[in-house]
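S.K.: The structure follows.
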Amino acid sequence: MQRKYSSETRIGDQAQVNGWVAKVRDLGGLKFFLLRDRTGEIQVTAKKGSVPEGVFKKVSELGREDCVSVTGNVEKAGQAPGGKEMVPKVLEIVAKSETQLPIDVFGKIESGKDKRFDFRWLDVRDPKLQAILKVKSTTLKHIRGYFEKAGFVEVQTPVIQAAGAEGGATMFPVVYYEREAFLRQSPQLYKQMLMASGLDKVWEIGQVFRAEKFHTSRHVSEFISVDFEQAWIESEDDIMNTLESMVVHSLKGVAKDCKDELEMLGKKITIPELPLKRITYDKVVEKLKKSGVAIEWGDDLEDAQEKKLGEMMRKKGHEWYFVTKYPSKVKPFYIMLDGKVSRGIDLDYKGMEIASGGQREHRVEVLKKVMKRKGMDPHKFEFYLDAFRYGMPPHGGIGFGVERMVEKILDLPDIKEVILFPRTPDRLVP
Ligand code: AMO
């Protein structure tokens with residue numbers, strides 16, 4: 001018999017449902033258990049004399065989280081979840097679970113976060129956690145959909161790299177034959193080099209790595225970065241236009257495809273109107289100072305300052321907003337400078353930076369000068385600079401933290417909730 005998910009079964013069906021035992025109730029001659037699969041739960045009812053004796057006996061042997069396969073009739077049952085129950089003809093105990101569960105799967109007893117991540121595959125049996133992962137996977141699907149529709153070419157650039165673009169202190173070294181190499185912090189250098197290839201609009205999705213000794217709710221050592229790079233732009237405005245269209249496209253997709261998950265998690269997605277609010281860094285500093293936050297012009301925005309800005313923007317009806325014209329000194333060498341300010345932008349959502357990028361410097365001599373000024377050795381980046389020597393159009397792009405976006409869509413307390421097996425300074429297994 002073909003397997004069905006519990007939610008697909010209809011009264012009158014003969015069905016096979018596979019899953020885990022969520023709860024057992026034994027009333028002597030009447031035994032029930034709840035069978036959970038990824039679509040929900042169905043009650044299985046075994047009445048002595050009405051089901052085969054062997055099946056009745058097996059129900060007595062069941063324990064929580066055993067893996068079972070049930071074949072039987074689906075019947076009407078007013079008291080049962082969904083108004084139906086299965087009356088088993090065949091019951092196979094496929095795999096027993098040890099009885100002392102290391103964590104409480106349904107969070108009735110609050111399990112410590114560390115313990116939950118030690119047994120993540122068990123943790124994720126909780127439908128709410130599955131819903132988070134479905135929202136993430138749907139977000140990714142619609143991001144991909146956007147780039148396909150907008151004519152971007154998906155590229156794959158190397159994860160093992162000779163030099164990093166985001167600062168030496170946050171690189172993970174790897175042994176590469178007889179040389180030292182690094183796990184990529186970002187596809188930055190490669191996506192820019194591709195602007196000299198004539199592909200014009202590229203995007204990439206993949207894991208990137210940061211050896212940051214942060215212990216915060218928004219930093220991890222490995223995360224999914226969505227990157228795009230676009231040539232022949234006039235200014236960073238073109239980049240913001242692409243980015244905001246991508247955000248709205250994916251938010252709409254998630255709101256449409258994840259109705260059940262959002263309901264289960266008690267969340268509603270507000271689709272922002274385009275264009276998203278743009279606010280200059282100057283204005284941000286002015287606002288923060290006015291509200292008593294200690295900040296000087298030229299400082300990068302710290303976590304607490306971003307949060308405060310988020311509160312102020314939300315009051316004005318903006319969950320999403322761009323911060324533009326950052327001071328030159330806080331932006332990396334590849335961002336185009338415009339005197340004291342740069343063409344670097346950030347996109348913030350509910351007080352957290354979700355993406356960062358802008359227009360790049362495409363003039364090789366200027367680029368080399370800025371690198372030197374920032375204390376970098378241009379010789380180590382010859383392979384990158386070469387791409388600027390044979391006709392490099394003006395270009396720009398962004399790096400976008402998908403997990404941060406999902407964390408904020410669902411108002412989760414920590415980015416790690418969106419990651420199956422998070423990597424942090426303290427965690428390398430499982
Ligand atoms: P940046 O370093 O700002 O820019 O990273 C881009 C986006 O990636 C996310 N992010 C992180 N998410 C989780 N854990 C971390 N440790 C972490 N660090 C960053 C954030 C951030 O906005 N090359 C540039 C992008 C560009 O200019 O195109 C870059 O990597 O959401």
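Starting from 1 in every chain, residues are counted up; chains themselves are A, B, ... following the order of the structure tokens, and ligands are numbered from 1 as listed.
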Distance table requested - chain A against ligand 1, cut-off 6 Å, only C-alpha atoms and all ligand atoms: one row per qualifying residue with the closest atom pair and its distance in Å to one decimal, ordered by chain and rising residue number, as CSV.
M.R.:
```
residue,atom,partner,partner_atom_place_in_ligand_line,distance
A:Ser186,CA,ligand 1,30 (O),5.0
A:Gln188,CA,ligand 1,23 (N),4.7
A:Arg210,CA,ligand 1,16 (N),5.7
A:Arg218,CA,ligand 1,13 (C),5.7
A:His219,CA,ligand 1,14 (N),3.5
A:Val220,CA,ligand 1,14 (N),4.1
A:Ser221,CA,ligand 1,16 (N),5.5
A:Phe223,CA,ligand 1,13 (C),5.4
A:Ser225,CA,ligand 1,8 (O),5.9
A:Glu353,CA,ligand 1,22 (O),5.1
A:Ile354,CA,ligand 1,31 (O),3.7
A:Ala355,CA,ligand 1,22 (O),3.4
A:Ser356,CA,ligand 1,22 (O),4.6
A:Gly357,CA,ligand 1,27 (O),3.4
A:Gly397,CA,ligand 1,28 (O),5.0
A:Ile398,CA,ligand 1,28 (O),3.3
A:Gly399,CA,ligand 1,25 (C),3.7
A:Phe400,CA,ligand 1,7 (C),4.5
A:Gly401,CA,ligand 1,31 (O),3.4
A:Arg404,CA,ligand 1,31 (O),5.8
```
S.K.: Save the residues we just selected, all heavy atoms, as a compact mmCIF listing (two decimals), in the first residue's frame?
M.R.:
```txt
# COMPACT_ATOMS: atom_id res chain seq x y z
N SER A 186 33.57 35.55 1.74
CA SER A 186 32.58 36.14 0.84
C SER A 186 33.06 35.85 -0.58
O SER A 186 34.26 35.70 -0.81
CB SER A 186 32.57 37.65 1.09
OG SER A 186 32.23 38.37 -0.06
N GLN A 188 33.23 37.98 -2.69
CA GLN A 188 33.46 39.36 -3.12
C GLN A 188 34.40 39.52 -4.31
O GLN A 188 34.05 40.06 -5.35
CB GLN A 188 34.00 40.17 -1.93
CG GLN A 188 34.21 41.63 -2.22
CD GLN A 188 32.91 42.35 -2.50
OE1 GLN A 188 31.89 42.05 -1.89
NE2 GLN A 188 32.91 43.27 -3.45
N ARG A 210 33.32 32.97 8.70
CA ARG A 210 33.93 34.10 9.42
C ARG A 210 34.47 33.61 10.76
O ARG A 210 33.71 33.12 11.59
CB ARG A 210 32.89 35.20 9.70
CG ARG A 210 32.20 35.74 8.47
CD ARG A 210 33.03 36.77 7.75
NE ARG A 210 32.45 37.09 6.46
CZ ARG A 210 31.72 38.18 6.22
NH1 ARG A 210 31.50 39.05 7.18
NH2 ARG A 210 31.24 38.40 5.01
N ARG A 218 23.36 37.20 16.47
CA ARG A 218 23.28 37.45 15.02
C ARG A 218 24.54 37.06 14.25
O ARG A 218 24.63 37.29 13.06
CB ARG A 218 22.93 38.91 14.76
CG ARG A 218 23.96 39.85 15.32
CD ARG A 218 23.48 41.27 15.27
NE ARG A 218 24.62 42.14 15.45
CZ ARG A 218 24.87 43.20 14.73
NH1 ARG A 218 24.08 43.55 13.76
NH2 ARG A 218 25.92 43.93 14.97
N HIS A 219 25.52 36.52 14.97
CA HIS A 219 26.75 36.08 14.30
C HIS A 219 26.94 34.58 14.43
O HIS A 219 26.76 34.02 15.51
CB HIS A 219 27.97 36.75 14.93
CG HIS A 219 28.07 38.21 14.63
ND1 HIS A 219 27.61 39.16 15.49
CD2 HIS A 219 28.58 38.86 13.56
CE1 HIS A 219 27.82 40.37 14.97
NE2 HIS A 219 28.41 40.21 13.79
N VAL A 220 27.33 33.97 13.34
CA VAL A 220 27.77 32.57 13.37
C VAL A 220 29.03 32.48 12.52
O VAL A 220 29.36 33.41 11.78
CB VAL A 220 26.68 31.61 12.82
CG1 VAL A 220 25.67 31.24 13.88
CG2 VAL A 220 26.00 32.17 11.59
N SER A 221 29.73 31.37 12.63
CA SER A 221 31.00 31.25 11.92
C SER A 221 30.81 30.77 10.48
O SER A 221 31.72 30.86 9.66
CB SER A 221 31.92 30.28 12.67
OG SER A 221 31.94 30.63 14.02
N PHE A 223 27.66 30.91 7.46
CA PHE A 223 26.29 31.31 7.14
C PHE A 223 26.08 31.30 5.62
O PHE A 223 27.04 31.18 4.86
CB PHE A 223 25.94 32.68 7.74
CG PHE A 223 26.77 33.83 7.23
CD1 PHE A 223 26.34 34.62 6.18
CD2 PHE A 223 27.98 34.16 7.82
CE1 PHE A 223 27.09 35.70 5.71
CE2 PHE A 223 28.75 35.24 7.37
CZ PHE A 223 28.31 36.01 6.32
N SER A 225 25.35 33.14 2.37
CA SER A 225 25.39 34.47 1.79
C SER A 225 24.78 34.42 0.39
O SER A 225 25.14 33.56 -0.41
CB SER A 225 26.85 34.93 1.72
OG SER A 225 26.92 36.25 1.25
N GLU A 353 21.23 44.69 10.54
CA GLU A 353 21.78 44.72 9.17
C GLU A 353 21.57 43.36 8.52
O GLU A 353 21.97 42.33 9.05
CB GLU A 353 23.28 45.02 9.25
CG GLU A 353 23.95 45.03 7.89
CD GLU A 353 25.46 44.87 7.99
OE1 GLU A 353 26.10 45.55 8.81
OE2 GLU A 353 25.99 44.03 7.24
N ILE A 354 20.94 43.39 7.35
CA ILE A 354 20.65 42.15 6.63
C ILE A 354 21.56 42.03 5.41
O ILE A 354 21.93 40.95 5.00
CB ILE A 354 19.17 42.14 6.15
CG1 ILE A 354 18.21 42.28 7.33
CG2 ILE A 354 18.85 40.92 5.31
CD1 ILE A 354 18.12 41.07 8.22
N ALA A 355 21.89 43.18 4.82
CA ALA A 355 22.73 43.15 3.62
C ALA A 355 23.64 44.38 3.61
O ALA A 355 23.33 45.40 4.22
CB ALA A 355 21.86 43.15 2.37
N SER A 356 24.73 44.21 2.89
CA SER A 356 25.68 45.30 2.81
C SER A 356 26.35 45.26 1.43
O SER A 356 26.56 44.19 0.87
CB SER A 356 26.67 45.05 3.95
OG SER A 356 27.81 45.80 3.79
N GLY A 357 26.63 46.41 0.87
CA GLY A 357 27.24 46.44 -0.46
C GLY A 357 27.31 47.87 -0.97
O GLY A 357 27.49 48.80 -0.19
N GLY A 397 27.16 45.67 -6.08
CA GLY A 397 26.42 44.48 -5.65
C GLY A 397 26.27 44.47 -4.14
O GLY A 397 26.61 45.44 -3.47
N ILE A 398 25.80 43.37 -3.65
CA ILE A 398 25.62 43.24 -2.20
C ILE A 398 25.88 41.80 -1.75
O ILE A 398 25.89 40.86 -2.56
CB ILE A 398 24.19 43.61 -1.72
CG1 ILE A 398 23.15 42.79 -2.45
CG2 ILE A 398 23.89 45.08 -1.80
CD1 ILE A 398 22.66 41.63 -1.69
N GLY A 399 26.06 41.66 -0.44
CA GLY A 399 26.06 40.35 0.22
C GLY A 399 24.89 40.38 1.19
O GLY A 399 24.70 41.36 1.92
N PHE A 400 24.11 39.31 1.20
CA PHE A 400 22.82 39.30 1.90
C PHE A 400 22.78 38.09 2.83
O PHE A 400 22.98 36.96 2.38
CB PHE A 400 21.74 39.22 0.83
CG PHE A 400 20.33 39.25 1.31
CD1 PHE A 400 19.65 40.45 1.40
CD2 PHE A 400 19.68 38.08 1.66
CE1 PHE A 400 18.33 40.47 1.83
CE2 PHE A 400 18.37 38.09 2.08
CZ PHE A 400 17.68 39.29 2.17
N GLY A 401 22.53 38.33 4.11
CA GLY A 401 22.50 37.22 5.08
C GLY A 401 21.11 36.62 5.19
O GLY A 401 20.22 37.19 5.82
N ARG A 404 19.75 35.80 8.72
CA ARG A 404 19.32 36.99 9.48
C ARG A 404 17.93 37.43 9.04
O ARG A 404 17.11 37.84 9.84
CB ARG A 404 20.30 38.14 9.29
CG ARG A 404 21.56 37.96 10.09
CD ARG A 404 22.33 39.26 10.14
NE ARG A 404 23.59 39.08 10.82
CZ ARG A 404 24.49 40.04 10.97
NH1 ARG A 404 24.25 41.24 10.47
NH2 ARG A 404 25.61 39.82 11.61
```
S.K.: I want to know what sits within 10 Å of Gly391 in chain A, based on only C-alpha atoms, with residues of the same chain fewer than 2 positions away left out; could you give that as a VMD selection string?
M.R.: chain A and resid 195 to 198 362 to 363 387 to 389 393 to 394
S.K.: Considering only C-alpha atoms, return as a ChimeraX atom specification whatever protein or nucleic-acid residues lie within 8 Å of Phe32 in chain A, sequence-local ones (same chain, fewer than 2 positions apart) excluded.
M.R.: /A:24-26,30,34,43-46,59
S.K.: Can you pull out every residue from range 100-330 of chain A that DSSP, working from the backbone, puts in alpha helix (DSSP H), and format the result as a short mmCIF file (atom, residue, chain, number, x, y, z; two decimals) with C-alpha atoms, in the first residue's frame?
M.R.:
```
data_model
loop_
_atom_site.label_atom_id
_atom_site.label_comp_id
_atom_site.auth_asym_id
_atom_site.auth_seq_id
_atom_site.Cartn_x
_atom_site.Cartn_y
_atom_site.Cartn_z
CA LYS A 113 19.79 25.63 23.98
CA ASP A 114 23.15 23.87 23.94
CA LYS A 115 21.55 20.52 24.65
CA ARG A 116 19.00 21.11 21.90
CA PHE A 117 21.75 21.72 19.38
CA ASP A 118 23.60 18.60 20.57
CA ARG A 120 19.35 18.79 16.76
CA TRP A 121 17.79 15.99 14.70
CA LEU A 122 15.55 15.22 17.68
CA ASP A 123 14.93 18.89 18.38
CA PRO A 127 6.68 20.93 14.18
CA LYS A 128 7.42 24.56 15.09
CA LEU A 129 11.09 24.05 14.35
CA GLN A 130 10.19 22.30 11.11
CA ALA A 131 8.07 25.33 10.24
CA ILE A 132 11.10 27.61 10.70
CA LEU A 133 13.11 25.46 8.33
CA LYS A 134 10.30 25.47 5.78
CA VAL A 135 10.17 29.26 5.89
CA LYS A 136 13.91 29.32 5.30
CA SER A 137 13.73 26.91 2.40
CA THR A 138 10.83 28.87 0.86
CA THR A 139 12.75 32.13 1.26
CA LEU A 140 15.64 30.58 -0.65
CA LYS A 141 13.32 29.29 -3.35
CA HIS A 142 11.91 32.76 -3.99
CA ILE A 143 15.29 34.45 -3.90
CA ARG A 144 16.33 32.04 -6.64
CA GLY A 145 13.07 32.74 -8.47
CA TYR A 146 13.75 36.45 -8.38
CA PHE A 147 17.23 36.19 -9.87
CA GLU A 148 16.04 33.84 -12.60
CA LYS A 149 13.24 36.23 -13.52
CA GLN A 188 33.46 39.36 -3.12
CA LEU A 189 36.64 39.31 -5.19
CA TYR A 190 35.34 36.71 -7.64
CA LYS A 191 31.94 38.23 -8.26
CA GLN A 192 33.68 41.51 -9.01
CA MET A 193 36.21 39.85 -11.31
CA GLU A 236 24.45 52.49 -5.85
CA ASP A 237 20.80 53.37 -6.51
CA ASP A 238 20.70 50.61 -9.14
CA ILE A 239 21.91 48.14 -6.53
CA MET A 240 19.31 49.24 -4.01
CA ASN A 241 16.61 48.90 -6.68
CA THR A 242 17.61 45.31 -7.40
CA LEU A 243 17.94 44.41 -3.74
CA GLU A 244 14.60 45.82 -2.68
CA SER A 245 12.82 44.07 -5.55
CA MET A 246 14.42 40.80 -4.48
CA VAL A 247 13.36 41.31 -0.87
CA VAL A 248 9.75 42.11 -1.73
CA HIS A 249 9.56 39.23 -4.22
CA SER A 250 10.75 36.73 -1.62
CA LEU A 251 8.61 38.15 1.21
CA LYS A 252 5.53 37.87 -1.01
CA GLY A 253 6.49 34.31 -1.90
CA VAL A 254 6.90 33.32 1.74
CA ALA A 255 3.63 35.00 2.76
CA LYS A 256 1.84 33.06 0.00
CA ASP A 257 3.53 29.66 0.35
CA LYS A 259 0.53 30.38 5.40
CA ASP A 260 0.32 27.30 7.65
CA GLU A 261 3.84 27.69 8.98
CA LEU A 262 3.36 31.40 9.71
CA GLU A 263 0.10 30.67 11.47
CA MET A 264 1.72 27.95 13.55
CA LEU A 265 4.47 30.38 14.54
CA TYR A 281 24.40 57.92 7.49
CA ASP A 282 24.58 61.66 8.35
CA LYS A 283 20.90 61.66 9.19
CA VAL A 284 21.23 58.45 11.23
CA VAL A 285 23.96 59.99 13.39
CA GLU A 286 21.88 63.12 13.84
CA LYS A 287 18.82 61.10 14.88
CA LEU A 288 20.76 58.86 17.25
CA LYS A 289 22.49 61.81 18.89
CA LYS A 290 19.16 63.57 19.33
CA ASP A 303 24.47 46.43 17.44
CA ALA A 304 22.79 48.67 20.06
CA GLN A 305 22.80 51.68 17.76
CA GLU A 306 21.27 49.66 14.93
CA LYS A 307 18.57 48.46 17.32
CA LYS A 308 17.77 51.98 18.45
CA LEU A 309 17.60 53.14 14.85
CA GLY A 310 15.30 50.20 14.12
CA GLU A 311 12.91 51.33 16.88
CA MET A 312 12.88 54.88 15.56
CA MET A 313 12.28 53.75 11.98
CA ARG A 314 9.53 51.35 13.00
CA LYS A 315 7.68 54.19 14.69
#
```
S.K.: Can you work out the spacing between CA of Trp297 in chain A and CA of Lys340 in chain A in Å, to one decimal?
M.R.: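 Distance reported for this atom pair: 10.8 Å.
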S.K.: Which is closest to Asp227 in chain A among A:Met171, A:Val155, A:Val51, A:Val370, if we use only C-alpha atoms?
M.R.: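 Using only C-alpha atoms, the shortest distance to Asp227 in chain A belongs to A:Val155.
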S.K.: Which residue gives the smallest distance to Lys96 in chain A among A:Glu178, A:Trp20, A:Val55, A:Asp126, with only C-alpha atoms counted?
M.R.: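 Selected residue with least distance to Lys96 in chain A: A:Trp20.
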S.K.: What separation in Å, quoted to one decimal, exists between CA of Ser235 in chain A and CA of Asp346 in chain A?
M.R.: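 One can read the CA of Ser235 in chain A to CA of Asp346 in chain A distance as 14.5 Å.
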